[in-house]
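Peer 1: File name structure_24.pdb; file contents PDB, C-alpha atoms; full text below.
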ATOM      1  CA  MET G   1      24.729  -1.195  31.576
ATOM      2  CA  THR G   2      23.620  -3.824  34.104
ATOM      3  CA  VAL G   3      20.168  -2.279  34.002
ATOM      4  CA  LEU G   4      20.105  -2.729  30.243
ATOM      5  CA  ILE G   5      21.112  -6.389  30.584
ATOM      6  CA  LEU G   6      18.434  -6.821  33.244
ATOM      7  CA  ILE G   7      15.735  -5.329  31.032
ATOM      8  CA  ILE G   8      16.740  -7.415  28.011
ATOM      9  CA  GLY G   9      16.923 -10.547  30.167
ATOM     10  CA  MET G  10      13.449  -9.899  31.546
ATOM     11  CA  ALA G  11      12.146  -9.308  28.018
ATOM     12  CA  VAL G  12      13.560 -12.632  26.810
ATOM     13  CA  VAL G  13      12.173 -14.743  29.676
ATOM     14  CA  THR G  14       8.813 -13.008  29.360
ATOM     15  CA  TYR G  15       8.533 -13.583  25.619
ATOM     16  CA  ILE G  16       9.579 -17.257  25.640
ATOM     17  CA  PRO G  17       6.511 -18.652  27.463
ATOM     18  CA  ARG G  18       4.259 -16.507  25.274
ATOM     19  CA  LEU G  19       5.976 -17.604  22.065
ATOM     20  CA  LEU G  20       6.392 -21.367  22.601
ATOM     21  CA  PRO G  21       2.742 -22.298  21.891
ATOM     22  CA  ALA G  22       2.816 -20.235  18.674
ATOM     23  CA  LEU G  23       5.816 -22.221  17.448
ATOM     24  CA  PHE G  24       4.727 -25.734  18.297
ATOM     25  CA  LEU G  25       0.934 -25.752  18.212
ATOM     26  CA  ASP G  26       0.775 -26.717  14.526
ATOM     27  CA  ARG G  27       2.255 -30.130  15.233
ATOM     28  CA  PHE G  28      -0.591 -31.123  17.500
ATOM     29  CA  ASN G  29      -4.213 -31.904  16.914
ATOM     30  CA  PHE G  30      -5.732 -31.901  20.332
ATOM     31  CA  PRO G  31      -8.055 -34.744  21.413
ATOM     32  CA  ALA G  32     -11.582 -33.843  22.552
ATOM     33  CA  TRP G  33     -10.777 -33.964  26.271
ATOM     34  CA  PHE G  34      -7.868 -31.566  25.804
ATOM     35  CA  GLN G  35     -10.066 -29.137  23.887
ATOM     36  CA  LYS G  36     -12.552 -29.150  26.773
ATOM     37  CA  TRP G  37      -9.684 -28.377  29.123
ATOM     38  CA  LEU G  38      -8.533 -25.521  26.888
ATOM     39  CA  LYS G  39     -12.077 -24.146  26.718
ATOM     40  CA  SER G  40     -12.211 -24.076  30.508
ATOM     41  CA  ILE G  41      -8.869 -22.300  30.912
ATOM     42  CA  PRO G  42     -10.232 -18.715  30.669
ATOM     43  CA  TYR G  43     -12.682 -19.329  33.506
ATOM     44  CA  ALA G  44     -10.152 -21.067  35.700
ATOM     45  CA  ALA G  45      -7.475 -18.448  34.968
ATOM     46  CA  LEU G  46      -9.742 -15.506  35.721
ATOM     47  CA  GLY G  47     -10.988 -17.129  38.895
ATOM     48  CA  ALA G  48      -7.405 -17.552  40.073
ATOM     49  CA  LEU G  49      -6.407 -14.051  38.965
ATOM     50  CA  ILE G  50      -9.305 -12.481  40.858
ATOM     51  CA  PHE G  51      -9.177 -14.322  44.151
ATOM     52  CA  PRO G  52      -7.520 -13.865  46.565
ATOM     53  CA  GLY G  53      -5.536 -11.186  44.688
ATOM     54  CA  VAL G  54      -8.362  -8.665  44.900
ATOM     55  CA  LEU G  55      -8.019  -8.708  48.692
ATOM     56  CA  LEU G  56      -4.411  -7.557  48.430
ATOM     57  CA  VAL G  57      -4.780  -4.305  46.486
ATOM     58  CA  GLU G  58      -4.179  -2.589  49.798
ATOM     59  CA  LYS G  59      -2.123  -5.033  51.828
ATOM     60  CA  ASP G  60      -3.430  -4.082  55.284
ATOM     61  CA  GLN G  61      -7.035  -3.535  54.187
ATOM     62  CA  PRO G  62      -8.433  -6.714  52.623
ATOM     63  CA  LEU G  63     -11.978  -5.370  53.081
ATOM     64  CA  LEU G  64     -11.186  -2.464  50.782
ATOM     65  CA  GLY G  65     -10.322  -4.720  47.852
ATOM     66  CA  LEU G  66     -13.252  -6.971  48.727
ATOM     67  CA  ALA G  67     -15.636  -4.007  48.565
ATOM     68  CA  GLY G  68     -14.306  -3.068  45.128
ATOM     69  CA  GLY G  69     -14.660  -6.665  43.968
ATOM     70  CA  VAL G  70     -18.218  -6.957  45.269
ATOM     71  CA  ALA G  71     -19.141  -3.664  43.574
ATOM     72  CA  ALA G  72     -17.737  -4.978  40.290
ATOM     73  CA  PHE G  73     -19.607  -8.258  40.776
ATOM     74  CA  ILE G  74     -22.954  -6.508  41.284
ATOM     75  CA  LEU G  75     -22.420  -4.218  38.303
ATOM     76  CA  ALA G  76     -21.399  -7.207  36.179
ATOM     77  CA  LEU G  77     -24.592  -9.013  37.179
ATOM     78  CA  LEU G  78     -26.477  -6.047  35.722
ATOM     79  CA  ASN G  79     -24.692  -6.752  32.412
ATOM     80  CA  LEU G  80     -23.161  -3.283  32.298
ATOM     81  CA  HIS G  81     -20.384  -2.488  29.839
ATOM     82  CA  ILE G  82     -16.949  -3.490  31.060
ATOM     83  CA  THR G  83     -15.793   0.137  31.327
ATOM     84  CA  LEU G  84     -18.675   0.923  33.682
ATOM     85  CA  VAL G  85     -17.893  -2.126  35.812
ATOM     86  CA  MET G  86     -14.311  -0.919  36.135
ATOM     87  CA  ALA G  87     -15.368   2.661  36.867
ATOM     88  CA  GLY G  88     -17.852   1.473  39.506
ATOM     89  CA  ALA G  89     -15.228  -0.585  41.333
ATOM     90  CA  ILE G  90     -12.775   2.319  41.242
ATOM     91  CA  THR G  91     -15.371   4.793  42.514
ATOM     92  CA  VAL G  92     -16.412   2.581  45.424
ATOM     93  CA  VAL G  93     -12.790   2.110  46.515
ATOM     94  CA  LEU G  94     -12.001   5.824  46.182
ATOM     95  CA  ILE G  95     -15.010   6.797  48.287
ATOM     96  CA  LEU G  96     -14.215   4.190  50.939
ATOM     97  CA  GLN G  97     -10.586   5.288  51.128
ATOM     98  CA  PHE G  98     -11.366   8.921  51.647
ATOM     99  CA  TYR G  99     -14.248   8.514  54.076
ATOM    100  CA  ILE G 100     -13.728   5.288  55.994
ATOM    101  CA  PHE G 101     -10.342   3.599  55.749
TER     102      PHE G 101
ATOM    103  CA  MET E   1     -15.648  -7.513   7.333
ATOM    104  CA  ARG E   2     -12.815  -5.457   5.884
ATOM    105  CA  ALA E   3      -9.419  -5.405   7.532
ATOM    106  CA  ASP E   4      -9.570  -1.793   8.704
ATOM    107  CA  THR E   5     -13.020  -2.306  10.211
ATOM    108  CA  LYS E   6     -11.666  -5.286  12.136
ATOM    109  CA  PHE E   7      -8.710  -3.222  13.289
ATOM    110  CA  ILE E   8     -11.010  -0.479  14.595
ATOM    111  CA  GLN E   9     -13.166  -3.058  16.316
ATOM    112  CA  GLY E  10     -10.018  -4.366  17.984
ATOM    113  CA  ILE E  11      -9.068  -0.871  19.120
ATOM    114  CA  LYS E  12     -12.514  -0.395  20.648
ATOM    115  CA  SER E  13     -12.255  -3.727  22.452
ATOM    116  CA  GLY E  14      -8.820  -2.833  23.768
ATOM    117  CA  LEU E  15      -9.812   0.584  25.100
ATOM    118  CA  PRO E  16     -11.031  -0.569  28.521
ATOM    119  CA  ILE E  17      -7.698  -2.344  29.017
ATOM    120  CA  ALA E  18      -5.750   0.741  27.965
ATOM    121  CA  LEU E  19      -7.768   2.875  30.364
ATOM    122  CA  GLY E  20      -7.081   0.388  33.141
ATOM    123  CA  TYR E  21      -3.392   0.128  32.271
ATOM    124  CA  PHE E  22      -2.648   3.825  32.009
ATOM    125  CA  PRO E  23      -2.806   4.783  35.723
ATOM    126  CA  VAL E  24      -1.172   1.523  36.818
ATOM    127  CA  ALA E  25       1.663   2.145  34.354
ATOM    128  CA  ILE E  26       2.070   5.649  35.796
ATOM    129  CA  ALA E  27       2.571   4.015  39.176
ATOM    130  CA  PHE E  28       5.088   1.620  37.617
ATOM    131  CA  GLY E  29       7.020   4.472  35.977
ATOM    132  CA  ALA E  30       7.174   6.344  39.264
ATOM    133  CA  LEU E  31       8.360   3.249  41.158
ATOM    134  CA  ALA E  32      11.010   2.538  38.517
ATOM    135  CA  VAL E  33      12.414   6.043  38.908
ATOM    136  CA  GLN E  34      12.547   5.505  42.662
ATOM    137  CA  ALA E  35      14.564   2.349  41.973
ATOM    138  CA  GLN E  36      17.141   4.520  40.153
ATOM    139  CA  LEU E  37      16.041   3.694  36.621
ATOM    140  CA  SER E  38      15.900   6.593  34.192
ATOM    141  CA  TRP E  39      12.548   7.271  32.572
ATOM    142  CA  ILE E  40      13.999   5.962  29.324
ATOM    143  CA  GLU E  41      14.969   2.665  30.961
ATOM    144  CA  ALA E  42      11.551   2.397  32.578
ATOM    145  CA  THR E  43       9.908   3.000  29.209
ATOM    146  CA  LEU E  44      12.212   0.531  27.467
ATOM    147  CA  MET E  45      11.159  -2.078  30.001
ATOM    148  CA  SER E  46       7.483  -1.465  29.240
ATOM    149  CA  VAL E  47       8.195  -1.514  25.501
ATOM    150  CA  ILE E  48      10.046  -4.840  25.378
ATOM    151  CA  VAL E  49       8.720  -6.687  28.451
ATOM    152  CA  PHE E  50       5.059  -5.572  28.492
ATOM    153  CA  ALA E  51       4.066  -7.574  31.576
ATOM    154  CA  GLY E  52       2.757  -5.580  34.513
ATOM    155  CA  ALA E  53       3.263  -8.049  37.341
ATOM    156  CA  SER E  54       6.797  -8.947  36.217
ATOM    157  CA  GLN E  55       7.806  -5.328  35.876
ATOM    158  CA  PHE E  56       6.527  -4.423  39.340
ATOM    159  CA  VAL E  57       8.249  -7.432  40.874
ATOM    160  CA  GLY E  58      11.452  -6.703  38.954
ATOM    161  CA  VAL E  59      11.649  -3.096  40.053
ATOM    162  CA  SER E  60      10.655  -3.920  43.644
ATOM    163  CA  MET E  61      13.416  -6.530  43.801
ATOM    164  CA  LEU E  62      15.832  -3.956  42.424
ATOM    165  CA  LEU E  63      14.814  -1.600  45.224
ATOM    166  CA  ALA E  64      15.396  -4.426  47.704
ATOM    167  CA  GLY E  65      18.909  -4.909  46.336
ATOM    168  CA  ALA E  66      18.430  -8.106  44.331
ATOM    169  CA  GLY E  67      20.765  -8.934  41.448
ATOM    170  CA  ALA E  68      19.894  -9.257  37.754
ATOM    171  CA  ALA E  69      20.059 -13.075  37.755
ATOM    172  CA  GLN E  70      17.666 -13.330  40.697
ATOM    173  CA  ILE E  71      15.225 -10.912  39.109
ATOM    174  CA  ILE E  72      15.295 -12.617  35.713
ATOM    175  CA  THR E  73      14.675 -16.017  37.321
ATOM    176  CA  ALA E  74      11.755 -14.652  39.320
ATOM    177  CA  THR E  75      10.332 -13.106  36.136
ATOM    178  CA  LEU E  76      10.542 -16.387  34.256
ATOM    179  CA  PHE E  77       8.569 -18.259  36.902
ATOM    180  CA  LEU E  78       6.051 -15.468  37.311
ATOM    181  CA  ASN E  79       5.307 -15.661  33.596
ATOM    182  CA  MET E  80       4.589 -19.376  33.413
ATOM    183  CA  ARG E  81       0.880 -18.619  33.444
ATOM    184  CA  HIS E  82       1.331 -16.876  30.100
ATOM    185  CA  LEU E  83       2.369 -20.229  28.660
ATOM    186  CA  ILE E  84      -1.088 -21.604  29.392
ATOM    187  CA  MET E  85      -2.829 -18.436  28.238
ATOM    188  CA  SER E  86      -0.799 -18.407  25.044
ATOM    189  CA  LEU E  87      -1.719 -22.046  24.433
ATOM    190  CA  THR E  88      -5.413 -21.105  24.592
ATOM    191  CA  VAL E  89      -5.041 -17.984  22.442
ATOM    192  CA  ASN E  90      -2.819 -19.650  19.849
ATOM    193  CA  ASP E  91      -5.250 -22.545  19.557
ATOM    194  CA  GLN E  92      -7.740 -19.949  18.274
ATOM    195  CA  MET E  93      -5.148 -18.287  16.023
ATOM    196  CA  ARG E  94      -4.322 -21.482  14.119
ATOM    197  CA  HIS E  95      -5.655 -19.904  10.937
ATOM    198  CA  PHE E  96      -3.246 -16.931  11.223
ATOM    199  CA  PRO E  97       0.072 -16.844   9.308
ATOM    200  CA  GLN E  98       3.008 -17.989  11.479
ATOM    201  CA  SER E  99       4.672 -14.563  11.549
ATOM    202  CA  TRP E 100       1.474 -12.955  12.882
ATOM    203  CA  ARG E 101       1.183 -15.592  15.594
ATOM    204  CA  ASN E 102       4.778 -14.994  16.658
ATOM    205  CA  LEU E 103       4.192 -11.254  16.869
ATOM    206  CA  LEU E 104       0.783 -11.328  18.535
ATOM    207  CA  SER E 105       1.954 -13.827  21.146
ATOM    208  CA  PHE E 106       4.086 -11.000  22.536
ATOM    209  CA  GLY E 107       0.898  -9.097  23.343
ATOM    210  CA  ILE E 108      -0.627 -11.784  25.559
ATOM    211  CA  THR E 109      -1.173 -10.427  29.063
ATOM    212  CA  ASP E 110      -3.665 -11.396  31.761
ATOM    213  CA  GLU E 111      -5.945  -8.630  30.538
ATOM    214  CA  THR E 112      -5.700  -9.092  26.744
ATOM    215  CA  PHE E 113      -6.140 -12.829  27.276
ATOM    216  CA  ALA E 114      -9.242 -12.215  29.391
ATOM    217  CA  LEU E 115     -10.808  -9.885  26.849
ATOM    218  CA  LEU E 116      -9.985 -12.068  23.852
ATOM    219  CA  THR E 117     -11.366 -15.245  25.371
ATOM    220  CA  LEU E 118     -14.297 -13.905  27.399
ATOM    221  CA  GLY E 119     -15.141 -10.681  25.555
ATOM    222  CA  GLY E 120     -18.743 -11.753  25.089
ATOM    223  CA  ALA E 121     -21.074 -12.183  22.169
ATOM    224  CA  SER E 122     -20.369  -8.703  20.776
ATOM    225  CA  GLU E 123     -16.736  -9.689  20.206
ATOM    226  CA  PRO E 124     -15.487 -11.986  17.436
ATOM    227  CA  GLN E 125     -14.993 -15.543  18.702
ATOM    228  CA  GLY E 126     -12.131 -17.870  17.824
ATOM    229  CA  LYS E 127     -12.416 -18.554  14.118
ATOM    230  CA  GLU E 128     -13.725 -15.048  13.431
ATOM    231  CA  TRP E 129     -10.550 -13.517  14.803
ATOM    232  CA  THR E 130      -8.334 -11.810  12.266
ATOM    233  CA  PRO E 131      -4.762 -10.579  12.795
ATOM    234  CA  CYS E 132      -6.071  -7.009  12.468
ATOM    235  CA  TYR E 133      -8.624  -7.474  15.233
ATOM    236  CA  VAL E 134      -6.159  -9.038  17.670
ATOM    237  CA  ALA E 135      -3.471  -6.498  16.754
ATOM    238  CA  GLY E 136      -5.893  -3.611  17.288
ATOM    239  CA  LEU E 137      -6.871  -4.922  20.706
ATOM    240  CA  MET E 138      -3.342  -5.668  21.871
ATOM    241  CA  GLY E 139      -1.878  -2.534  20.299
ATOM    242  CA  THR E 140      -4.329  -0.323  22.163
ATOM    243  CA  ALA E 141      -3.563  -2.008  25.468
ATOM    244  CA  TYR E 142       0.164  -1.720  24.689
ATOM    245  CA  LEU E 143      -0.072   2.018  23.994
ATOM    246  CA  GLY E 144      -1.915   2.537  27.276
ATOM    247  CA  TRP E 145       0.832   0.695  29.151
ATOM    248  CA  VAL E 146       3.778   2.364  27.431
ATOM    249  CA  SER E 147       2.363   5.902  27.508
ATOM    250  CA  GLY E 148       1.475   5.552  31.179
ATOM    251  CA  THR E 149       5.046   4.485  31.908
ATOM    252  CA  VAL E 150       6.405   7.608  30.194
ATOM    253  CA  VAL E 151       4.092   9.846  32.210
ATOM    254  CA  GLY E 152       4.967   8.094  35.475
ATOM    255  CA  GLY E 153       8.681   8.088  34.687
ATOM    256  CA  LEU E 154       8.767  11.785  33.859
ATOM    257  CA  GLY E 155       6.241  13.023  36.401
ATOM    258  CA  ALA E 156       7.450  10.667  39.120
ATOM    259  CA  SER E 157       5.117  10.573  42.081
ATOM    260  CA  PHE E 158       2.471  13.217  41.692
ATOM    261  CA  ILE E 159      -0.278  10.622  41.991
ATOM    262  CA  PRO E 160      -1.304   9.843  45.575
ATOM    263  CA  GLN E 161      -1.175   6.232  46.761
ATOM    264  CA  GLU E 162      -4.962   6.150  47.233
ATOM    265  CA  ILE E 163      -5.550   6.780  43.536
ATOM    266  CA  THR E 164      -3.129   4.012  42.539
ATOM    267  CA  THR E 165      -4.860   1.534  44.848
ATOM    268  CA  ALA E 166      -8.260   2.419  43.424
ATOM    269  CA  MET E 167      -6.992   2.085  39.856
ATOM    270  CA  THR E 168      -5.585  -1.356  40.609
ATOM    271  CA  VAL E 169      -9.069  -2.382  41.669
ATOM    272  CA  GLY E 170     -10.127  -1.206  38.209
ATOM    273  CA  LEU E 171      -8.166  -4.068  36.622
ATOM    274  CA  TYR E 172      -9.884  -6.529  38.962
ATOM    275  CA  GLY E 173     -13.135  -4.913  37.835
ATOM    276  CA  LEU E 174     -12.099  -5.784  34.290
ATOM    277  CA  PHE E 175     -11.583  -9.449  35.202
ATOM    278  CA  ILE E 176     -14.812  -9.647  37.191
ATOM    279  CA  GLY E 177     -16.815  -7.830  34.528
ATOM    280  CA  LEU E 178     -15.546 -10.272  31.896
ATOM    281  CA  LEU E 179     -15.983 -13.410  33.970
ATOM    282  CA  VAL E 180     -19.445 -12.916  35.449
ATOM    283  CA  PRO E 181     -21.703 -12.749  32.347
ATOM    284  CA  PRO E 182     -20.522 -15.995  30.677
ATOM    285  CA  ALA E 183     -20.168 -17.768  34.038
ATOM    286  CA  ARG E 184     -23.804 -16.959  34.735
ATOM    287  CA  LYS E 185     -24.933 -18.500  31.480
ATOM    288  CA  SER E 186     -23.061 -21.727  32.076
ATOM    289  CA  LEU E 187     -23.163 -23.317  35.489
ATOM    290  CA  SER E 188     -20.141 -25.471  34.602
ATOM    291  CA  PHE E 189     -17.902 -22.517  33.785
ATOM    292  CA  GLY E 190     -19.088 -20.627  36.856
ATOM    293  CA  LEU E 191     -18.255 -23.635  38.998
ATOM    294  CA  ILE E 192     -14.816 -23.961  37.398
ATOM    295  CA  ALA E 193     -14.073 -20.306  38.238
ATOM    296  CA  LEU E 194     -15.208 -20.756  41.846
ATOM    297  CA  VAL E 195     -13.200 -23.949  42.311
ATOM    298  CA  SER E 196     -10.166 -22.182  40.876
ATOM    299  CA  MET E 197     -10.546 -19.380  43.435
ATOM    300  CA  VAL E 198     -10.689 -21.871  46.294
ATOM    301  CA  VAL E 199      -7.788 -23.973  45.008
ATOM    302  CA  ASN E 200      -5.725 -20.834  44.425
ATOM    303  CA  SER E 201      -6.410 -19.602  47.960
ATOM    304  CA  LEU E 202      -5.353 -22.944  49.437
ATOM    305  CA  LEU E 203      -2.244 -23.285  47.270
ATOM    306  CA  GLY E 204      -1.350 -19.698  48.123
ATOM    307  CA  LEU E 205      -0.762 -20.847  51.698
ATOM    308  CA  ILE E 206       2.120 -23.105  50.660
ATOM    309  CA  LEU E 207       3.332 -21.707  47.295
ATOM    310  CA  ASP E 208       4.146 -18.250  46.030
ATOM    311  CA  SER E 209       1.255 -16.605  44.250
ATOM    312  CA  GLY E 210       2.681 -17.046  40.734
ATOM    313  CA  TRP E 211       2.800 -20.836  41.016
ATOM    314  CA  ALA E 212      -0.486 -20.993  42.902
ATOM    315  CA  ILE E 213      -2.241 -19.269  39.989
ATOM    316  CA  VAL E 214      -0.662 -21.591  37.417
ATOM    317  CA  LEU E 215      -1.561 -24.769  39.325
ATOM    318  CA  ALA E 216      -5.063 -23.607  40.248
ATOM    319  CA  THR E 217      -5.730 -22.795  36.587
ATOM    320  CA  ILE E 218      -4.490 -26.172  35.342
ATOM    321  CA  LEU E 219      -6.380 -28.131  38.014
ATOM    322  CA  ALA E 220      -9.670 -26.236  37.957
ATOM    323  CA  ALA E 221      -9.786 -26.275  34.164
ATOM    324  CA  GLY E 222      -9.417 -30.048  34.473
ATOM    325  CA  LEU E 223     -12.950 -30.092  35.862
ATOM    326  CA  GLY E 224     -14.017 -28.930  32.431
ATOM    327  CA  ILE E 225     -13.002 -32.293  30.974
ATOM    328  CA  VAL E 226     -15.886 -33.815  32.917
ATOM    329  CA  LEU E 227     -18.309 -30.889  32.976
ATOM    330  CA  VAL E 228     -18.114 -29.300  29.522
ATOM    331  CA  LYS E 229     -20.435 -30.829  26.965
ATOM    332  CA  GLU E 230     -19.179 -32.131  23.647
ATOM    333  CA  GLU E 231     -18.833 -29.535  20.884
ATOM    334  CA  ALA E 232     -21.742 -29.663  18.447
TER     335      ALA E 232
END
Let me see the file written as structure tokens.
Peer 2:
Amino acid sequence: MTVLILIIGMAVVTYIPRLLPALFLDRFNFPAWFQKWLKSIPYAALGALIFPGVLLVEKDQPLLGLAGGVAAFILALLNLHITLVMAGAITVVLILQFYIF
Amino acid sequence: MRADTKFIQGIKSGLPIALGYFPVAIAFGALAVQAQLSWIEATLMSVIVFAGASQFVGVSMLLAGAGAAQIITATLFLNMRHLIMSLTVNDQMRHFPQSWRNLLSFGITDETFALLTLGGASEPQGKEWTPCYVAGLMGTAYLGWVSGTVVGGLGASFIPQEITTAMTVGLYGLFIGLLVPPARKSLSFGLIALVSMVVNSLLGLILDSGWAIVLATILAAGLGIVLVKEEA
């Protein structure tokens, strides 16, 4: 029963931040500077999501995550499809884990 | 484009996320079972919470003996970044009916947000979005997450740790693969991403990672106010 309450509680506090902008956005017309800020959010958010988090995929081996990230970066520079970028990063980390780390 | 075509396009766009989610969700399901949740409870959590980081933190705290109130509070703060992401996504869904916006906001995760906003020229942008496209994308990601949880919950821990680690790197590959092409085309956006990485690293020294990400995003995006050129 407590687990059920926990799960429902987590669901509620997860949905609220996602929902609030949907409910209140209509009342605002954003000024130009705010729109520029909004346009920049994806880049800033992804930067923050990637680093330094990628170093922590294996807590004691930051170089392992770094190697995967660098592999993804190189493949992304080649403009490969996103699935191939993901597969490349995974493959590099798998190989490194089994043969080096 | 017709609605069903848009829906299928959304499914295609969501596939890489689903593929990335599936193995990570297996790991989540297995961890949840270790924390004494039944596979049904683990699946229910994925069905109604649908937030990877929160679910991992929640279950890990449960394993460490934390109470429900503590876990729920931690979840709330961890999810503050979704407020900003939802603001960005909803700004581009202004032309959707309210009920669709309410529903689709549930599907905003780090990964669906990344794909929707930085999916590249082959993806519909902003005003071209339709509810069917966004629903197809999010629904596919959602199915990957939920089905992986079922497999992990039932099969427990037949996947070695090494595989899970490598698969987690796959989701970083998704972020990097989405960020690099547009950041290359625009020096300003590339710079914003780099500054955000640095700010996040520094803030991470004094704050927990959830807040560091939120603040780094807000601050680094602020650079855009100066750098981004006026819309034509």
Peer 1: Provide as number ranges by chain the residues of chain G at most 7 Å from chain E, counting all atoms listed in the file.
Peer 2: G: 6-7, 9-11, 13-15, 17-19, 21-22, 33, 36-38, 40-52, 54, 57-58, 65, 68-69, 72-73, 76-77, 79, 82-83, 85-87, 89-90, 93-94, 97
Peer 1: Between atom CA of Gln9 of chain E and atom CA of Phe96 of chain E, measure the distance and give it in Å to one decimal.
Peer 2: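 Between atom CA of Gln9 of chain E and atom CA of Phe96 of chain E the gap works out to 17.8 Å.
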Peer 1: Using all atoms listed in the file for the distances, tell me which of E:Phe28, E:Gly144, E:Ile40, E:Gln34 is nearest to Phe56 of chain E.
Peer 2: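 Checking each candidate against Phe56 of chain E, we get E:Phe28 as the closest.
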Peer 1: Between atom CA of Tyr99 of chain G and atom CA of Asp60 of chain G, what is the distance, to one decimal in Å?
Peer 2: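 Taking atom CA of Tyr99 of chain G and atom CA of Asp60 of chain G, their separation equals 16.6 Å.
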Peer 1: Atom CA of Lys6 of chain E and atom CA of Gln92 of chain E, how far apart in Å?
Peer 2: 16.4 Å
Peer 1: Given all atoms listed in the file as the basis, pick out the residue of E:Gly120, E:Pro131, E:Gly153, E:Gly126 nearest to Leu80 of chain G.
Peer 2: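 Nearest candidate to Leu80 of chain G out of E:Gly120, E:Pro131, E:Gly153, E:Gly126: E:Gly120.
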Peer 1: List the spatial neighbours of Gly148 of chain E as number ranges by chain - criterion: any atom at most 7 Å away, all atoms listed in the file, same-chain residues fewer than 3 positions off excluded.
Peer 2: E: 22-23, 25-26, 144-145, 151-152
Peer 1: Any chance you could work out the residue set of the PyMOL selection byres ((chain E and resi 133) around 9) here, as number ranges by chain?
Peer 2: E: 3-11, 13, 124, 129-132, 134-138
Peer 1: Given the choices G:Ile5, G:Leu78, G:Phe28, G:Leu64, which gets closest to Phe98 of chain G if the distance is worked out from all atoms listed in the file?
Peer 2: G:Leu64
